[in-house]
file model.csv (CSV, C-alpha atoms)
chain,number,residue,atom,x,y,z
S,1,MET,CA,72.4,174.8,104.7
S,2,ASN,CA,69.6,175.8,102.4
S,3,ALA,CA,72.2,176.8,99.7
S,4,PHE,CA,73.8,173.3,99.9
S,5,ALA,CA,70.4,171.7,99.7
S,6,THR,CA,69.7,173.6,96.5
S,7,LEU,CA,73.1,172.8,95.1
S,8,LEU,CA,72.9,169.0,95.7
S,9,PRO,CA,70.1,168.1,93.4
S,10,GLY,CA,71.9,169.9,90.6
S,11,ALA,CA,75.1,168.0,91.3
S,12,THR,CA,73.4,164.7,91.3
S,13,SER,CA,71.4,165.3,88.1
S,14,PHE,CA,74.6,166.3,86.4
S,15,LEU,CA,76.0,162.8,86.3
S,16,PRO,CA,73.3,161.1,84.2
S,17,LEU,CA,73.0,164.1,81.9
S,18,ARG,CA,76.7,163.9,81.1
S,19,ASN,CA,76.5,160.2,80.6
S,20,THR,CA,73.6,160.5,78.2
S,21,ALA,CA,75.4,163.2,76.2
S,22,LEU,CA,78.4,161.0,76.0
S,23,GLN,CA,76.4,158.0,74.8
S,24,GLU,CA,74.6,160.1,72.2
S,25,SER,CA,77.9,161.5,70.9
S,26,THR,CA,79.4,158.0,70.8
S,27,GLN,CA,76.4,156.7,68.9
S,28,GLN,CA,76.5,159.5,66.4
S,29,GLU,CA,80.2,159.0,65.8
S,30,THR,CA,79.6,155.2,65.5
S,31,ARG,CA,76.8,155.8,62.9
S,32,SER,CA,78.9,158.1,60.8
S,33,MET,CA,81.9,155.7,61.0
S,34,GLU,CA,79.7,152.8,60.0
S,35,SER,CA,78.3,154.7,57.1
S,36,PHE,CA,81.8,155.6,55.9
S,37,LEU,CA,83.1,152.0,56.2
S,38,ALA,CA,80.0,150.6,54.5
S,39,GLY,CA,80.5,153.0,51.6
S,40,VAL,CA,84.1,152.3,51.1
S,41,GLU,CA,84.6,148.6,51.9
S,42,ARG,CA,83.9,147.1,48.4
S,43,LYS,CA,86.2,149.4,46.5
S,44,ALA,CA,88.8,149.0,49.2
S,45,PHE,CA,88.5,145.2,48.9
S,46,ARG,CA,88.9,145.4,45.1
S,47,ILE,CA,92.0,147.6,45.4
S,48,ALA,CA,93.6,145.3,47.9
S,49,GLN,CA,92.6,142.2,45.8
S,50,ILE,CA,94.2,143.7,42.7
S,51,ALA,CA,97.4,144.4,44.6
S,52,LEU,CA,97.6,141.1,46.5
S,53,ARG,CA,95.9,138.8,43.9
S,54,HIS,CA,94.5,136.9,46.8
S,55,GLU,CA,90.9,137.2,48.1
S,56,ASP,CA,91.5,136.2,51.8
S,57,ASP,CA,94.7,138.3,52.1
S,58,ALA,CA,92.7,141.2,50.6
S,59,LEU,CA,89.9,140.7,53.2
S,60,ASP,CA,92.4,140.6,56.0
S,61,ALA,CA,94.0,143.8,54.7
S,62,VAL,CA,90.7,145.6,54.6
S,63,GLN,CA,89.7,144.4,58.1
S,64,GLU,CA,93.1,145.5,59.5
S,65,ALA,CA,92.7,148.9,57.8
S,66,MET,CA,89.3,149.4,59.3
S,67,LEU,CA,90.5,148.5,62.7
S,68,ARG,CA,93.5,150.8,62.5
S,69,LEU,CA,91.3,153.7,61.3
S,70,VAL,CA,88.8,153.2,64.0
S,71,ARG,CA,91.5,152.8,66.7
S,72,ASN,CA,93.6,155.7,65.7
S,73,TYR,CA,91.6,158.2,63.7
S,74,ALA,CA,88.0,157.9,64.7
S,75,ARG,CA,88.1,161.2,66.5
S,76,ARG,CA,89.4,163.0,63.5
S,77,PRO,CA,86.8,164.9,61.3
S,78,ALA,CA,85.0,162.6,58.9
S,79,ALA,CA,86.3,164.5,55.9
S,80,GLU,CA,89.8,163.3,56.7
S,81,TRP,CA,88.8,159.6,56.9
S,82,PRO,CA,89.0,158.7,53.1
S,83,PRO,CA,92.6,159.6,52.5
S,84,LEU,CA,93.6,158.3,55.9
S,85,PHE,CA,91.8,155.0,55.3
S,86,TYR,CA,93.4,154.4,51.9
S,87,ARG,CA,96.8,155.3,53.3
S,88,ILE,CA,96.4,152.7,56.0
S,89,LEU,CA,95.1,150.2,53.5
S,90,GLU,CA,98.2,150.6,51.3
S,91,ASN,CA,100.3,150.0,54.4
S,92,CYS,CA,98.3,146.9,55.2
S,93,VAL,CA,98.8,145.7,51.6
S,94,ARG,CA,102.5,146.3,51.8
S,95,ASP,CA,102.7,144.4,55.1
S,96,ALA,CA,100.8,141.5,53.5
S,97,GLN,CA,103.2,141.5,50.6
S,98,ARG,CA,106.2,141.6,52.9
S,99,ARG,CA,104.8,138.7,55.0
S,100,ARG,CA,104.2,136.7,51.9
S,101,ALA,CA,107.7,137.3,50.7
S,102,VAL,CA,109.2,136.3,54.0
S,103,ARG,CA,107.0,133.2,54.1
S,104,ALA,CA,108.1,132.3,50.6
S,105,ARG,CA,111.7,132.7,51.5
S,106,VAL,CA,111.3,130.6,54.6
S,107,MET,CA,109.4,127.9,52.8
S,108,SER,CA,112.1,127.7,50.1
S,109,TRP,CA,114.5,126.6,52.9
S,110,ILE,CA,112.3,123.7,53.9
S,111,PRO,CA,113.1,120.7,51.6
S,112,TRP,CA,110.1,118.6,52.5
S,113,LYS,CA,107.6,121.4,51.8
S,114,GLY,CA,105.4,120.2,49.0
S,115,ALA,CA,102.1,120.7,47.5
S,116,ASP,CA,100.4,118.9,50.4
S,117,ASP,CA,100.9,121.9,52.6
S,118,GLU,CA,99.0,124.2,50.3
S,119,GLU,CA,95.6,125.2,51.3
S,120,MET,CA,93.1,122.8,49.8
S,121,ALA,CA,91.0,124.6,47.2
S,122,ASP,CA,87.2,124.3,47.4
S,123,PRO,CA,86.3,121.7,44.6
S,124,LEU,CA,83.0,123.5,44.1
S,125,GLU,CA,84.7,126.7,43.4
S,126,GLN,CA,87.1,125.0,41.0
S,127,ALA,CA,84.3,123.3,39.0
S,128,PRO,CA,83.5,125.0,35.7
S,129,ASP,CA,80.2,126.7,35.5
S,130,PRO,CA,78.0,124.6,33.2
S,131,ALA,CA,76.0,127.6,32.0
S,132,PRO,CA,78.0,129.5,29.3
S,133,LEU,CA,78.3,133.2,29.8
S,134,PRO,CA,76.8,135.6,27.2
S,135,PRO,CA,79.4,136.7,24.8
S,136,ALA,CA,79.4,140.3,26.0
S,137,GLN,CA,79.8,139.2,29.6
S,138,ALA,CA,82.5,136.8,28.7
S,139,GLN,CA,84.4,139.5,26.9
S,140,ALA,CA,83.9,141.9,29.9
S,141,ASP,CA,85.3,139.3,32.2
S,142,GLU,CA,88.3,138.7,30.0
S,143,THR,CA,88.9,142.4,29.8
S,144,LEU,CA,88.6,142.8,33.5
S,145,GLN,CA,91.1,140.0,34.1
S,146,ALA,CA,93.5,141.6,31.7
S,147,LEU,CA,93.1,145.0,33.4
S,148,GLU,CA,93.6,143.5,36.8
S,149,ALA,CA,96.8,141.7,35.6
S,150,ALA,CA,98.1,144.9,34.1
S,151,LEU,CA,97.3,146.9,37.2
S,152,ALA,CA,99.0,144.3,39.4
S,153,ALA,CA,102.1,144.5,37.2
S,154,LEU,CA,102.4,148.3,37.6
S,155,PRO,CA,104.8,149.8,40.1
S,156,ALA,CA,103.0,150.2,43.4
S,157,ARG,CA,102.8,154.0,43.3
S,158,GLN,CA,101.4,154.1,39.8
S,159,ARG,CA,98.8,151.5,40.6
S,160,GLN,CA,97.8,153.4,43.7
S,161,ALA,CA,97.6,156.7,41.9
S,162,PHE,CA,95.5,155.1,39.1
S,163,LEU,CA,93.1,153.3,41.4
S,164,LEU,CA,92.6,156.2,43.8
S,165,ARG,CA,92.1,158.8,41.0
S,166,ASN,CA,90.1,156.6,38.6
S,167,PHE,CA,88.3,154.0,40.7
S,168,GLU,CA,87.8,155.7,44.0
S,169,GLY,CA,87.3,159.1,42.4
S,170,PHE,CA,89.7,161.1,44.6
S,171,ASP,CA,90.9,164.5,43.3
S,172,VAL,CA,94.6,165.2,43.0
S,173,ALA,CA,94.9,166.7,46.5
S,174,ALA,CA,93.1,163.8,48.3
S,175,THR,CA,95.2,161.3,46.3
S,176,ALA,CA,98.4,163.1,47.3
S,177,GLN,CA,97.3,163.1,50.9
S,178,ALA,CA,96.5,159.4,50.7
S,179,MET,CA,99.8,158.6,49.0
S,180,GLY,CA,101.9,160.9,51.2
S,181,CYS,CA,103.4,162.7,48.2
S,182,SER,CA,103.1,165.9,46.3
S,183,GLU,CA,100.3,166.6,43.8
S,184,GLY,CA,102.8,166.8,41.0
S,185,SER,CA,104.0,163.3,41.8
S,186,VAL,CA,100.4,162.1,41.7
S,187,LYS,CA,99.9,163.5,38.2
S,188,THR,CA,103.1,161.9,37.0
S,189,HIS,CA,102.2,158.5,38.5
S,190,TYR,CA,98.7,158.7,37.1
S,191,PHE,CA,99.9,159.7,33.6
S,192,ARG,CA,102.5,156.9,33.4
S,193,ALA,CA,100.0,154.3,34.7
S,194,LEU,CA,97.5,155.4,32.1
S,195,GLN,CA,100.0,155.1,29.3
S,196,THR,CA,101.1,151.7,30.4
S,197,LEU,CA,97.6,150.3,30.8
S,198,ARG,CA,96.5,151.6,27.5
S,199,ALA,CA,99.5,150.1,25.7
S,200,GLN,CA,98.8,146.7,27.4
S,201,LEU,CA,95.1,146.6,26.8
S,202,VAL,CA,95.0,148.0,23.3
S,203,GLU,CA,93.9,144.6,21.9
S,204,TYR,CA,90.8,144.6,24.3
S,205,TRP,CA,89.8,148.2,23.7
S,206,THR,CA,90.2,149.2,20.1
N,1,MET,CA,90.3,163.8,35.3
N,2,SER,CA,92.2,166.8,34.0
N,3,GLU,CA,95.3,164.7,33.4
N,4,GLU,CA,93.6,163.0,30.4
N,5,ALA,CA,94.2,165.6,27.7
N,6,ASP,CA,93.9,162.9,24.9
N,7,PRO,CA,90.2,162.0,24.4
N,8,ARG,CA,91.3,158.4,23.8
N,9,GLU,CA,92.9,158.3,27.2
N,10,ALA,CA,89.7,159.8,28.7
N,11,GLU,CA,87.7,157.1,27.1
N,12,PHE,CA,90.1,154.4,28.3
N,13,ALA,CA,89.9,155.8,31.8
N,14,ARG,CA,86.1,155.8,31.7
N,15,ARG,CA,85.9,152.2,30.5
N,16,ALA,CA,88.4,151.0,33.1
N,17,ARG,CA,86.4,152.8,35.8
N,18,ALA,CA,83.2,151.2,34.6
N,19,LEU,CA,84.7,147.7,34.6
N,20,LEU,CA,86.1,148.1,38.1
N,21,GLU,CA,82.9,149.5,39.5
N,22,ASP,CA,81.0,146.6,38.0
N,23,SER,CA,83.3,144.2,39.6
N,24,ALA,CA,83.0,145.9,43.0
N,25,GLY,CA,79.2,145.8,42.7
N,26,SER,CA,79.1,142.1,41.9
N,27,LEU,CA,81.1,140.7,44.8
N,28,SER,CA,80.2,137.2,46.0
N,29,ALA,CA,77.9,136.8,49.0
N,30,ARG,CA,80.8,135.3,50.9
N,31,THR,CA,83.0,138.3,50.3
N,32,ARG,CA,80.2,140.7,51.2
N,33,SER,CA,79.5,138.8,54.4
N,34,ARG,CA,83.2,138.9,55.4
N,35,LEU,CA,83.4,142.6,54.7
N,36,THR,CA,80.3,143.2,56.9
N,37,GLN,CA,81.8,141.1,59.6
N,38,ALA,CA,85.1,143.2,59.4
N,39,ARG,CA,83.1,146.4,59.6
N,40,TYR,CA,81.2,145.2,62.6
N,41,ALA,CA,84.3,144.1,64.3
N,42,ALA,CA,85.9,147.5,63.8
N,43,LEU,CA,82.8,149.3,65.1
N,44,GLU,CA,82.5,147.0,68.1
N,45,GLN,CA,86.0,147.8,69.0
N,46,TYR,CA,85.3,151.5,68.6
N,47,THR,CA,82.2,151.4,70.8
N,48,ALA,CA,84.0,149.4,73.5
N,49,ALA,CA,86.9,151.9,73.4
N,50,SER,CA,84.6,154.9,73.6
N,51,THR,CA,82.7,153.5,76.5
N,52,ALA,CA,85.8,152.5,78.4
N,53,SER,CA,87.4,155.9,77.8
N,54,ALA,CA,84.3,157.7,79.0
N,55,ARG,CA,84.2,155.5,82.1
N,56,ALA,CA,87.9,156.1,82.7
N,57,ALA,CA,87.4,159.9,82.4
N,58,TRP,CA,84.6,159.7,85.0
N,59,GLN,CA,86.7,157.6,87.4
N,60,ARG,CA,89.5,160.0,87.0
N,61,TRP,CA,87.5,163.2,87.7
N,62,LEU,CA,85.0,161.8,90.3
N,63,PRO,CA,87.4,162.1,93.3
N,64,ALA,CA,88.4,165.7,92.4
N,65,GLY,CA,84.7,166.6,92.0
N,66,ALA,CA,83.8,165.0,95.3
N,67,VAL,CA,86.5,166.9,97.1
N,68,SER,CA,85.5,170.2,95.5
N,69,ALA,CA,81.8,169.6,96.4
N,70,ALA,CA,82.8,168.8,100.0
N,71,VAL,CA,84.8,172.0,100.3
N,72,LEU,CA,82.0,174.0,98.8
N,73,ALA,CA,79.5,172.4,101.1
N,74,ALA,CA,81.7,173.1,104.2
N,75,LEU,CA,82.0,176.7,103.2
N,76,LEU,CA,78.3,177.1,102.7
N,77,MET,CA,77.4,175.4,106.0
N,78,GLN,CA,79.7,177.7,107.9
N,79,GLY,CA,77.5,180.6,106.9
N,80,GLY,CA,78.9,181.8,103.6
N,81,PRO,CA,79.3,185.5,103.1
N,82,MET,CA,77.5,186.3,106.4
N,83,SER,CA,80.5,184.9,108.3
N,84,LEU,CA,82.7,187.8,107.5
N,85,PRO,CA,84.9,189.2,110.3
N,86,VAL,CA,83.3,191.8,112.6
N,87,GLN,CA,85.5,194.6,111.4
N,88,MET,CA,84.6,193.9,107.8
N,89,GLN,CA,80.9,193.7,108.7
N,90,ALA,CA,81.2,197.2,110.2
N,91,ASN,CA,82.5,198.5,107.0
N,92,VAL,CA,79.8,197.0,104.8
N,93,PRO,CA,77.5,199.9,103.8
N,94,ALA,CA,73.9,199.5,104.6
N,95,ALA,CA,72.9,200.9,101.2
N,96,THR,CA,71.2,198.5,98.9
N,97,SER,CA,72.1,198.0,95.3
N,98,GLY,CA,69.2,200.2,94.3
N,99,ASP,CA,70.6,203.1,96.4
N,100,ASP,CA,74.0,202.6,94.7
N,101,LEU,CA,72.4,202.9,91.3
N,102,GLU,CA,70.6,206.1,92.3
N,103,LEU,CA,73.8,207.5,93.5
N,104,LEU,CA,75.6,206.7,90.3
N,105,ALA,CA,72.8,208.1,88.2
N,106,ASP,CA,72.7,211.4,90.0
N,107,ARG,CA,76.1,213.2,89.9
N,108,ASP,CA,75.1,215.7,92.6
N,109,ALA,CA,74.0,212.9,94.9
N,110,LEU,CA,77.3,211.1,94.2
N,111,GLU,CA,79.3,214.2,95.2
N,112,LEU,CA,77.3,214.6,98.3
N,113,ALA,CA,77.9,211.0,99.2
N,114,GLN,CA,81.6,211.4,98.7
N,115,ASP,CA,81.6,214.5,100.8
N,116,ALA,CA,79.8,212.6,103.5
N,117,LEU,CA,82.2,209.7,103.4
N,118,ALA,CA,85.3,212.0,103.3
N,119,PRO,CA,84.7,215.0,105.6
N,120,ASP,CA,86.7,218.2,105.2
N,121,GLN,CA,89.6,217.9,107.6
N,122,SER,CA,90.1,221.7,107.7
N,123,ALA,CA,86.8,222.5,109.5
N,124,PRO,CA,87.4,222.7,113.2
N,125,GLY,CA,85.6,220.0,115.1
N,126,ALA,CA,84.4,218.4,111.8
N,127,SER,CA,85.2,214.9,113.0
N,128,ALA,CA,84.0,215.4,116.5
N,129,GLY,CA,81.9,212.7,118.0
N,130,THR,CA,83.1,209.9,115.8
N,131,GLY,CA,84.6,208.1,118.7
N,132,ALA,CA,88.1,207.0,117.8
N,133,ASP,CA,89.3,210.4,116.4
N,134,VAL,CA,87.7,212.8,118.9
N,135,ASP,CA,89.1,216.3,118.7
N,136,TYR,CA,90.3,216.8,122.3
N,137,GLU,CA,91.9,220.1,121.6
N,138,PHE,CA,88.5,221.5,120.6
N,139,TYR,CA,86.9,220.4,123.7
N,140,ALA,CA,89.8,221.7,125.8
N,141,TRP,CA,89.4,225.0,124.1
N,142,ALA,CA,85.7,225.1,124.6
N,143,VAL,CA,85.9,224.3,128.3
N,144,GLY,CA,88.7,226.9,128.7
N,145,ALA,CA,86.6,229.5,126.9
N,146,ALA,CA,83.5,228.7,129.0
N,147,GLN,CA,85.6,229.1,132.2
N,148,ASP,CA,87.0,232.4,131.0
N,149,ASP,CA,83.5,233.6,130.2
N,150,ALA,CA,82.3,232.6,133.7
N,151,ASP,CA,85.3,234.2,135.3
N,152,ASN,CA,84.7,237.4,133.4
N,153,GLY,CA,81.0,237.4,134.1
N,154,VAL,CA,80.0,237.1,130.6
N,155,GLY,CA,76.3,236.4,130.1
N,156,THR,CA,75.4,237.2,133.7

call {"tool": "encode", "arguments": {"input": "model.csv", "output": "structure tokens"}}
result
Amino acid sequence: MNAFATLLPGATSFLPLRNTALQESTQQETRSMESFLAGVERKAFRIAQIALRHEDDALDAVQEAMLRLVRNYARRPAAEWPPLFYRILENCVRDAQRRRAVRARVMSWIPWKGADDEEMADPLEQAPDPAPLPPAQAQADETLQALEAALAALPARQRQAFLLRNFEGFDVAATAQAMGCSEGSVKTHYFRALQTLRAQLVEYWT
Amino acid sequence: MSEEADPREAEFARRARALLEDSAGSLSARTRSRLTQARYAALEQYTAASTASARAAWQRWLPAGAVSAAVLAALLMQGGPMSLPVQMQANVPAATSGDDLELLADRDALELAQDALAPDQSAPGASAGTGADVDYEFYAWAVGAAQDDADNGVGT
């Protein structure tokens, strides 16, 4: 009986200890996931926006990618998150493009579909800014718009390779992992993207 | 970027990167707010899922743990190792662990102990008096010899 009496306090104190350890582990994982998402969200948004050419669709794609990463891969080592996240993001972008294509096809069958059904644009956003931009800023904006247009016109794999390598700063191996292809393919896609972009933006960057 | 062998390509890549990074750094407040909301939504889902899975794990293992604890408690309350069968208790040596260590350390003592535990079967009457395996032939011989001596007047 004495032995049982000494065993019982240990057994009862085990439960809260285990709960506390679990909570601490979960909090630590949450903090590192938050840090990762906070560090990656802006570039991810820009990558999605360049591909989709639509701000709200890009925000939806980023949010969906975050949710999928957290839901499916949060337990994986943090070093694996960046390529996984961008792979998921690319899938979300592709899903959005597919949905848009289907919607456009369906809408083309509706004869009474007119401009009235379009989402009303915010008039404040449409109003021109009265303060003129400095010339350097105006030129940078113009160059950025041209770059975005050229990137959007690239084949998806070339655009992805260029943005991951150049903008996100991935090395070839991580880019290959994110794109799900070989390192040789990444190099080829990146080279071709660079050639095309240079040719299209030659008048902006002489 | 080792792919940019041409310095003009490297310069182009550098400029493009700078432009894109500037644009990412100067997002509108609305966009930044929406991104923060998206991040919090994802993290909230993660926290909820982690807590639920931890709770589910506990609920899954708690009955098994309770049954194990009950069995252990029942064994301990019955008396534990002291409740060995009587025959096994008889075979438990009285020597303590300290005695065992001394025996192992001293080779002569170990041999003596082995001799004591396994007596020489060839010696007549060696196992006499141990109860179960009494050498009746020896006692019969001894009684017969004593009677013979008495009949012959030996020792008178």

call {"tool": "residues_around", "arguments": {"input": "model.csv", "residues": "Arg157 (chain S)", "least_positions_apart": "3", "cutoff": "8 Å", "atoms": "only C-alpha atoms", "output": "ChimeraX atom specification"}}
result
/S:160-161,179,189

call {"tool": "interface_residues", "arguments": {"input": "model.csv", "of": "chain N", "to": "chain S", "cutoff": "7 Å", "atoms": "all atoms listed in the file", "output": "mmCIF file with C-alpha atoms, keeping the file's coordinate frame"}}
result
data_model
loop_
_atom_site.group_PDB
_atom_site.id
_atom_site.type_symbol
_atom_site.label_atom_id
_atom_site.label_comp_id
_atom_site.auth_asym_id
_atom_site.auth_seq_id
_atom_site.Cartn_x
_atom_site.Cartn_y
_atom_site.Cartn_z
ATOM 1 C CA GLU N 3 95.300 164.700 33.400
ATOM 2 C CA ALA N 13 89.900 155.800 31.800
ATOM 3 C CA ARG N 17 86.400 152.800 35.800
ATOM 4 C CA LEU N 19 84.700 147.700 34.600
ATOM 5 C CA LEU N 20 86.100 148.100 38.100
ATOM 6 C CA ALA N 24 83.000 145.900 43.000
ATOM 7 C CA LEU N 35 83.400 142.600 54.700
ATOM 8 C CA ALA N 38 85.100 143.200 59.400
ATOM 9 C CA ARG N 39 83.100 146.400 59.600
ATOM 10 C CA ALA N 42 85.900 147.500 63.800
ATOM 11 C CA LEU N 43 82.800 149.300 65.100
ATOM 12 C CA TYR N 46 85.300 151.500 68.600
ATOM 13 C CA SER N 50 84.600 154.900 73.600
ATOM 14 C CA ALA N 73 79.500 172.400 101.100
ATOM 15 C CA LEU N 76 78.300 177.100 102.700
ATOM 16 C CA MET N 77 77.400 175.400 106.000
#

call {"tool": "atom_distance", "arguments": {"input": "model.csv", "atom1": "CA of Ala41 (chain N)", "atom2": "CA of Cys92 (chain S)"}}
result
16.9 Å

call {"tool": "closest_residue", "arguments": {"input": "model.csv", "among": "S:Met107, S:Gln49, S:Pro134, S:Ser32", "to": "Glu90 (chain S)", "atoms": "all atoms listed in the file"}}
result
S:Gln49

call {"tool": "atom_distance", "arguments": {"input": "model.csv", "atom1": "CA of Ala58 (chain S)", "atom2": "CA of Ala153 (chain S)"}}
result
16.7 Å

call {"tool": "atom_distance", "arguments": {"input": "model.csv", "atom1": "CA of Ala156 (chain S)", "atom2": "CA of Gln177 (chain S)"}}
result
16.0 Å

call {"tool": "residues_around", "arguments": {"input": "model.csv", "residues": "Pro83 (chain S)", "least_positions_apart": "4", "cutoff": "7 Å", "atoms": "only C-alpha atoms", "output": "NGL selection string"}}
result
:S and (87 or 174-175 or 177-178)

call {"tool": "build_atoms", "arguments": {"input": "model.csv", "residues": "region 68-76 of chain S", "atoms": "all heavy atoms", "output": "CSV table (one decimal), keeping the file's coordinate frame"}}
result
chain,number,residue,atom,x,y,z
S,68,ARG,N,92.5,149.7,62.2
S,68,ARG,CA,93.5,150.8,62.5
S,68,ARG,C,92.9,152.2,62.4
S,68,ARG,O,93.2,153.1,63.2
S,68,ARG,CB,94.6,150.7,61.6
S,68,ARG,CG,95.6,149.5,61.9
S,68,ARG,CD,96.8,149.6,61.1
S,68,ARG,NE,97.5,148.4,60.9
S,68,ARG,CZ,98.6,148.2,60.2
S,68,ARG,NH1,99.1,149.2,59.5
S,68,ARG,NH2,99.1,147.0,60.1
S,69,LEU,N,92.0,152.4,61.4
S,69,LEU,CA,91.3,153.7,61.3
S,69,LEU,C,90.5,154.0,62.5
S,69,LEU,O,90.6,155.1,63.0
S,69,LEU,CB,90.5,153.7,60.0
S,69,LEU,CG,89.7,155.0,59.8
S,69,LEU,CD1,90.6,156.0,59.1
S,69,LEU,CD2,88.5,154.8,58.9
S,70,VAL,N,89.7,153.0,62.9
S,70,VAL,CA,88.8,153.2,64.0
S,70,VAL,C,89.6,153.4,65.3
S,70,VAL,O,89.3,154.3,66.1
S,70,VAL,CB,87.9,152.0,64.2
S,70,VAL,CG1,87.2,152.0,65.5
S,70,VAL,CG2,86.8,152.0,63.1
S,71,ARG,N,90.7,152.7,65.4
S,71,ARG,CA,91.5,152.8,66.7
S,71,ARG,C,92.2,154.1,66.8
S,71,ARG,O,92.3,154.7,67.8
S,71,ARG,CB,92.5,151.6,66.7
S,71,ARG,CG,93.1,151.4,68.1
S,71,ARG,CD,94.2,150.3,68.0
S,71,ARG,NE,93.6,149.0,67.4
S,71,ARG,CZ,94.3,148.3,66.5
S,71,ARG,NH1,95.5,148.6,66.1
S,71,ARG,NH2,93.8,147.2,66.0
S,72,ASN,N,92.7,154.6,65.7
S,72,ASN,CA,93.6,155.7,65.7
S,72,ASN,C,93.0,157.0,65.2
S,72,ASN,O,93.5,158.1,65.6
S,72,ASN,CB,94.9,155.4,64.9
S,72,ASN,CG,95.6,154.2,65.4
S,72,ASN,OD1,95.7,154.0,66.6
S,72,ASN,ND2,96.2,153.4,64.5
S,73,TYR,N,92.1,157.0,64.4
S,73,TYR,CA,91.6,158.2,63.7
S,73,TYR,C,90.1,158.5,63.8
S,73,TYR,O,89.6,159.3,63.1
S,73,TYR,CB,92.0,158.2,62.3
S,73,TYR,CG,93.5,158.1,62.1
S,73,TYR,CD1,94.1,156.9,61.7
S,73,TYR,CD2,94.4,159.2,62.4
S,73,TYR,CE1,95.5,156.8,61.5
S,73,TYR,CE2,95.7,159.1,62.2
S,73,TYR,CZ,96.3,157.9,61.8
S,73,TYR,OH,97.6,157.8,61.7
S,74,ALA,N,89.4,157.7,64.6
S,74,ALA,CA,88.0,157.9,64.7
S,74,ALA,C,87.6,159.3,65.2
S,74,ALA,O,86.5,159.8,64.8
S,74,ALA,CB,87.3,156.8,65.6
S,75,ARG,N,88.4,159.9,66.0
S,75,ARG,CA,88.1,161.2,66.5
S,75,ARG,C,88.4,162.3,65.6
S,75,ARG,O,88.0,163.5,65.8
S,75,ARG,CB,88.9,161.4,67.8
S,75,ARG,CG,88.6,160.4,68.9
S,75,ARG,CD,87.3,160.8,69.7
S,75,ARG,NE,86.9,159.8,70.7
S,75,ARG,CZ,85.7,159.7,71.2
S,75,ARG,NH1,84.8,160.5,70.8
S,75,ARG,NH2,85.5,158.8,72.1
S,76,ARG,N,89.0,162.0,64.5
S,76,ARG,CA,89.4,163.0,63.5
S,76,ARG,C,88.1,163.4,62.7
S,76,ARG,O,87.1,162.6,62.6
S,76,ARG,CB,90.4,162.5,62.5
S,76,ARG,CG,91.7,162.2,63.2
S,76,ARG,CD,92.6,163.4,63.5
S,76,ARG,NE,93.3,163.9,62.4
S,76,ARG,CZ,94.6,163.5,62.1
S,76,ARG,NH1,95.2,162.6,62.9
S,76,ARG,NH2,95.2,163.9,61.0
